[in-house]
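Below: the structure, in structure tokens.
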Amino acid sequence: MKLALSFAVLAACAFGQVTYTREISRVFQEKCQGCHREGDIGPFVLDSYEAAMTWGEDIQRVIETKQMPPWKPVAGHGEFQNNFGLSDEQRDLILNWYRGGAPEGDARDLPEPTAQTGEFQLGDPDVVLTMPQTYSLNRRGDIYRCFVIPTDFGVDRYTDAIQVVPGNRQVVHHVILYLDTSGKARQMDGKDGNPGYDCFGGPGDGIPLTLSSMAGGWVPGTRAARLPEGVGTLLPKGVDVIMQVHYYPGGRTQQEDQTKVGLYFSKQEVNKRLVYLPVVNTSFRIPAGAESYDVVANFPIPPLFDATAFLVAPHMHLLGTKFKLEKLKPNGTTESLIYVDDWDFNWQGFYKYQQPIRLNAFDRLRATCTFNNSEKNPKNPSNPLKVVRWGEGTEDEMCLGFLGVTFDRENIIPFNMPIAF
């Protein structure tokens, strides 16, 4: 598709006049319609010339200011699948088309429309797990609520894709999926008279948090994609899926939500199990007034824990401005795995690498999180300013990067090894 778009730019130069049907529709199709489609996060559908004209002023403004498309990873710091960022040439192509009168062109030049998949981006899942009941939000602040969804799989199953579909995008900030084989989540479910139970810092008190407890999640900006052939996420026989939903209703009251998740079972044999490795610092304090304060998290790869990374998911809150994850080799060389220089709390992602990243024993992973805790940060929620530490609330902060990895020596990996963050 990148090659096709390059040809579109060259064709525009050759023909002299850029049209919607020949060039602009193709850029919108690849870079915009993933979100600007029926039932998705985009505020309008952008699949026709009429839509491009109706929203033309807004489109020009957000493209010129580079607010859209909101692709966050900086080029040259890891290469990722499904990159929907605009190149400078594509940005100029769209803006010059509008400024030149936005000619429609010949309808015969339109590309084939993108297949409509509905709310699930990869088509119909094999299984859809839904919160058993609608949850009513009755307070304005942060709410972390865990909902228990039993499964009836008679055998262990592997998934090569999982997609969370928020029921109410106005109040769902993010979702993390945990797995529980202990039965303890069921015991806490509904004890306070409401669906689920309150949970902070993980799946809940007394529920083991291990290397294999996390099954995926959703944050604004997440796009569904399949894992490589032979790689899968294990859902053990009889497992309960715990859907931890972070609600941030703000001033909204009387809201309801019923979030669901689609599971796509691996159709090929799985020989590598994907788990999530956290690179995290929980002991920092960001001084009040600090405009550029770095927090560093380190994770040394132990002997025999050689691994391959397939995806990365950075996470900070409102004070975050930059995030960088690097691999430091014993010989002193450094490889940047992802760099976000314009952090947006409301637009994050699980980014899948174009080519898997090798993590060898004695390599060190280093995450650097930069925060602005001053009055110059318009997103700073604190007035007056205060020292900010690690915490689950939106007004707290986090310095956390998840790497989705497989281990070379699965037979010696203690997947039930406890982790804490």
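Just so we're on the same page: first chain in the structure tokens is A, next is B, and so on; residues restart at 1 for each chain, and ligands are numbered from 1 in the order they show up.
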Compile the contact shell of segment 217-221 of chain A as number ranges by chain: residues with an atom at most 7 Å away, counting only C-alpha atoms, same-chain residues fewer than 5 positions apart removed. A: 164, 173-177, 346-349
Would you put the residues from that selection into a file with C-alpha atoms, as a short mmCIF file (atom, residue, chain, number, x, y, z; two decimals), in the first residue's frame?
```cif
data_model
loop_
_atom_site.label_atom_id
_atom_site.label_comp_id
_atom_site.auth_asym_id
_atom_site.auth_seq_id
_atom_site.Cartn_x
_atom_site.Cartn_y
_atom_site.Cartn_z
CA VAL A 164 -11.73 -5.02 22.99
CA HIS A 173 -10.33 5.23 29.34
CA HIS A 174 -8.58 1.88 29.01
CA VAL A 175 -9.12 -1.85 29.46
CA ILE A 176 -6.69 -4.56 30.57
CA LEU A 177 -7.52 -8.24 30.27
CA ASN A 346 -6.06 10.10 25.18
CA TRP A 347 -4.33 8.40 22.25
CA GLN A 348 -2.09 5.46 23.05
CA GLY A 349 -1.54 2.10 21.41
#
```
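Proximity ranking of A:Gly404, A:Gly190, A:Pro330, A:Pro203 relative to Leu274 of chain A places A:Gly404 first, based on only C-alpha atoms.
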Contacts of Ile207 of chain A at 9 Å or less, counting only C-alpha atoms, minus same-chain residues fewer than 5 places along, as a list in words?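 Those residues are Asp180, Ser182, Gly183, Lys184, Ala185 and Gly202 of chain A.
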Kindly export the residues of the current selection with C-alpha atoms, as a PDB file, in the first residue's frame.
```pdb
ATOM      1  CA  ASP A 180      -7.599 -16.145  36.503  1.00  0.00           C
ATOM      2  CA  SER A 182      -7.702 -19.632  40.850  1.00  0.00           C
ATOM      3  CA  GLY A 183     -11.448 -18.938  41.064  1.00  0.00           C
ATOM      4  CA  LYS A 184     -10.833 -16.028  43.452  1.00  0.00           C
ATOM      5  CA  ALA A 185     -12.250 -13.407  41.078  1.00  0.00           C
ATOM      6  CA  GLY A 202      -4.017  -5.327  38.883  1.00  0.00           C
TER       7      GLY A 202
END
```
I need the strand (DSSP E or B) residues of segment 172-341 of chain A per DSSP on the backbone, written as an MDAnalysis selection string. chainID A and resid 172:180 197:198 210 214:218 231:235 240:247 255:257 260:265 272:273 275:281 285:286 293:300 307:315 320:328 334:340
What does the distance between atom CA of Val239 of chain A and atom CA of Asn411 of chain A come to in Å, to one decimal place?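 So the two atoms, atom CA of Val239 of chain A and atom CA of Asn411 of chain A, lie 21.6 Å apart.
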So, counting only C-alpha atoms, which residue among A:Glu269, A:Glu112, A:Glu50, A:Asp341 is closest to Thr159 of chain A?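 Residue with the minimum atom-to-atom distance to Thr159 of chain A: A:Glu269.
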Using only C-alpha atoms, find the one residue out of A:Thr151, A:Asn298, A:Asn271, A:Gln67 that sits nearest to Pro236 of chain A.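 Of all the options, A:Thr151 lies closest to Pro236 of chain A.
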Which residue, A:Ala107, A:Val312, A:Ala297, A:Ala115, has the smallest gap to Arg37 of chain A when you use only C-alpha atoms? A:Ala115
Find the residues near Asp152 of chain A: any atom within 10 Å, counting only C-alpha atoms, skip ones fewer than 6 places away on the same chain, and give them as a ChimeraX atom specification. /A:237-240
Would you write out those residues with C-alpha atoms, as a PDB file, in the first residue's frame?
```
ATOM      1  CA  LYS A 237      -8.947 -24.572  30.052  1.00  0.00           C
ATOM      2  CA  GLY A 238     -11.647 -23.223  32.402  1.00  0.00           C
ATOM      3  CA  VAL A 239     -10.014 -19.801  32.746  1.00  0.00           C
ATOM      4  CA  ASP A 240     -11.961 -16.750  33.870  1.00  0.00           C
TER       5      ASP A 240
END
```
